[in-house]
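Before any comments, here is the structure.
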2 protein chains.
Amino acid sequence: MTSREIDAATIAFAHRLADTAGAVIRPYFRQRIDVADKKPVVAGKTVFDPVTAADRDAEEAIRALIERERPNDGILGEEFGEKKSASGRRWVLDPVDGTRSFIAGRHEWGSLIALEEDGRAVLGIIDQPVLGERFLGVNGECRFRARERDELAVRVRECSRLEDAILCATHPDAFYGPGERDAFRRVQKCVRMTRWGGDCYIFGAMALGFVDLIVETAFHRWDVAALIPVIEGAGGIITNWQGGDCSEGGQTLAAGDRRIHAAALKALAG
Amino acid sequence: MTSREIDAATIAFAHRLADTAGAVIRPYFRQRIDVADKKPVVAGKTVFDPVTAADRDAEEAIRALIERERPNDGILGEEFGEKKSASGRRWVLDPVDGTRSFIAGRHEWGSLIALEEDGRAVLGIIDQPVLGERFLGVNGECRFRARERDELAVRVRECSRLEDAILCATHPDAFYGPGERDAFRRVQKCVRMTRWGGDCYIFGAMALGFVDLIVETAFHRWDVAALIPVIEGAGGIITNWQGGDCSEGGQTLAAGDRRIHAAALKALAG
């Protein structure tokens, strides 16, 4: 939970960053665009990791806005690295989280914008600019906007038992670390149903109260920073697989209800 | 391909069926609704197969419209079974294809409405009533409507090599039949990228030219009937895993480009 209130001007600025990203990204969606491959080596193998002009142009546009209006704030973005902070605040950006889904013409991707104070995420936005949906986590609550609807506070739902839970995760191949696949399967075999795909969007579905559990791994800091205030603001819990801080990325476990979070931690530990 | 033209009145009637389904389903989306479990036994195990009032009420509404306006046509629907045809035509219905995604508050589900003539699908609609997106395959073309945009004809894209292909499939656990998982993996290891989830919606993404290959199994007739005219109308190919007719359901292979369809058939055969 956040230590002190984030002021209205900062929240409005965060919305402007999301608006800016969306305006850049929307014209690229479902167009014939070049897809470059960053070709990272993962577990000894080169994997396909796409990046497009949507990712790069949106991050440049957001960074320019931060440089101009909040020049002392730091920036960490997926495509253009880090700018050190002189203010104790840092913006953590992934304008197209779910680039694979984006290039497949599907909707389950989003722009992630987080604000960290002294290394802790205190504001997070998950924005889906094509659907016109935005989740904002800040000051201990989660606000949801959908096109043509009033903004409202949203909450996770109760779910006390793993056997009643809907589990989501993005891709089975992400669980390539030692023991990760088995750990995931121990959780999966306890739940009611598993749905794959979704990237950041499934965390929005959790904040709305329709997904109970999310198990992910291989997250970067920019993948998770925005999710923390959203999930915590909606009344959920998000940690690493040991129950500790997940700000660094890596293994991530989110739940709407603390009881199944505890049960999932046990199952992951084996 | 269809043998003769489907008339404008029948196409307009199919649109009305989709409109009717959407009007029934939309109010249920992202609401707290009861989820019943049909508990089918699959591969010797009872599995979770959810059904909601959205599925049932929408199918009832469509069936009532067909009974009233096209009383001689047959009906086959997921929830309420078969009514024999006296006209040689039959409507094949799955108003919420992707109920698991629907109850998870996600968008990748749709209403499937097909018209069969003498057992062959000659018209198919994939409708996403919350996104306001509709794919209609009929008379050798695929038309796409999105909210606030003009309807337009859409086409699959060229993709000559599996190593450039985006592969989609709904859920890894669907490949439970003998050898199916290995067959799927032989295809998967050849492609550029795999994305999971999506149900019927990924076939729409293929018709738009952003998904190259889809491998599915355990389809029912109502899961596949509407997809055939959509994929064929968009210039793609959809068959079973042996390259034959897939109208009955079961194993299904769709591709935007015949070259990777042929390559995928080989990989599936091992």
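FYI, nothing fancy with the structure tokens labels: chains A, B, ... in order, residues from 1 per chain, ligands from 1 as they appear.
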
_Just list as a ChimeraX atom specification whatever in stretch 95-234 of chain A DSSP marks as strand (DSSP E)._
/A:95-97,110-117,120-128,133-138,141-146,152-153,166-169,193-196,213-219

Show me, as number ranges by chain, the residues that have an atom within 7 Å of A:Asp49 when counting only C-alpha atoms, minus same-chain residues fewer than 6 positions from it.
A: 37-40

Kindly export the residues of the current selection with N, CA and C atoms, as a PDB file, in the first residue's frame.
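Dumped everything to result-v7.pdb:
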ATOM      1  N   ASP A  37      12.637  -8.351 -34.609  1.00  0.00           N
ATOM      2  CA  ASP A  37      12.812  -9.415 -33.611  1.00  0.00           C
ATOM      3  C   ASP A  37      14.037  -9.071 -32.767  1.00  0.00           C
ATOM      4  N   LYS A  38      13.801  -8.885 -31.464  1.00  0.00           N
ATOM      5  CA  LYS A  38      14.915  -8.528 -30.570  1.00  0.00           C
ATOM      6  C   LYS A  38      15.812  -9.729 -30.279  1.00  0.00           C
ATOM      7  N   LYS A  39      15.319 -10.947 -30.577  1.00  0.00           N
ATOM      8  CA  LYS A  39      16.096 -12.186 -30.471  1.00  0.00           C
ATOM      9  C   LYS A  39      16.856 -12.359 -29.160  1.00  0.00           C
ATOM     10  N   PRO A  40      16.195 -12.223 -28.046  1.00  0.00           N
ATOM     11  CA  PRO A  40      16.918 -12.475 -26.797  1.00  0.00           C
ATOM     12  C   PRO A  40      17.216 -13.966 -26.644  1.00  0.00           C
TER      13      PRO A  40
END

What separates atom CA of A:Cys246 and atom CA of A:Lys83 is a distance of 21.7 Å

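Here is the contact set of chain B against chain A, at 6 Å and counting only C-alpha atoms: B:Ala104, B:Gly105, B:Trp196, B:Gly197, B:Ala205, B:Phe210, B:Val211.
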
Take the residues just selected and output them with N, CA and C atoms as a CSV table (one decimal), in the first residue's frame.
chain,number,residue,atom,x,y,z
B,104,ALA,N,-14.6,-15.2,-17.4
B,104,ALA,CA,-13.4,-14.6,-16.9
B,104,ALA,C,-13.3,-13.1,-17.2
B,105,GLY,N,-14.4,-12.6,-17.8
B,105,GLY,CA,-14.5,-11.1,-18.0
B,105,GLY,C,-13.6,-10.7,-19.2
B,196,TRP,N,-1.9,-18.5,-27.2
B,196,TRP,CA,-3.0,-19.3,-26.7
B,196,TRP,C,-4.2,-18.4,-26.4
B,197,GLY,N,-5.3,-19.1,-26.2
B,197,GLY,CA,-6.6,-18.5,-25.9
B,197,GLY,C,-7.3,-18.0,-27.2
B,205,ALA,N,-9.4,-13.1,-36.4
B,205,ALA,CA,-8.0,-12.5,-36.5
B,205,ALA,C,-7.3,-13.1,-37.8
B,210,PHE,N,-4.0,-11.4,-39.7
B,210,PHE,CA,-3.0,-11.3,-38.6
B,210,PHE,C,-2.6,-12.6,-37.9
B,211,VAL,N,-3.3,-13.6,-38.2
B,211,VAL,CA,-3.0,-14.9,-37.7
B,211,VAL,C,-2.9,-15.9,-38.9

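Coordinates place atom CA of A:Glu69 at a distance of 23.6 Å from atom CA of A:Arg221.
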
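Excluding A:Leu136 and any residue on its chain fewer than 2 positions from it, the residues at most 9 Å away by only C-alpha atoms are Ile11, His15, Leu123, Gly124, Ile125, Ile126, Asp127, Arg134, Val138, Glu141, Cys142, Arg143, Phe144, Arg145, Ala226, Pro229, Val230 and Gly233 of chain A.
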
Where in stretch 35-98 of chain A does DSSP assign alpha helix (DSSP H), given as a list in words? Ala53, Ala54, Asp55, Arg56, Asp57, Ala58, Glu59, Glu60, Ala61, Ile62, Arg63, Ala64, Leu65, Ile66, Glu67, Arg68 and Glu69 of chain A

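The spacing separating atom CA of A:Val96 from atom CA of A:His220 amounts to 13.4 Å.
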
With distances taken over only C-alpha atoms, the candidate from A:Val35, A:Leu93, A:Asp19, A:Ala9 nearest A:Arg63 is A:Leu93

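Of the listed residues A:Leu115, A:Ala234, A:Ala207, A:Leu162, the one whose atoms come nearest to A:Ala263 is A:Leu162, with distances taken using only C-alpha atoms.
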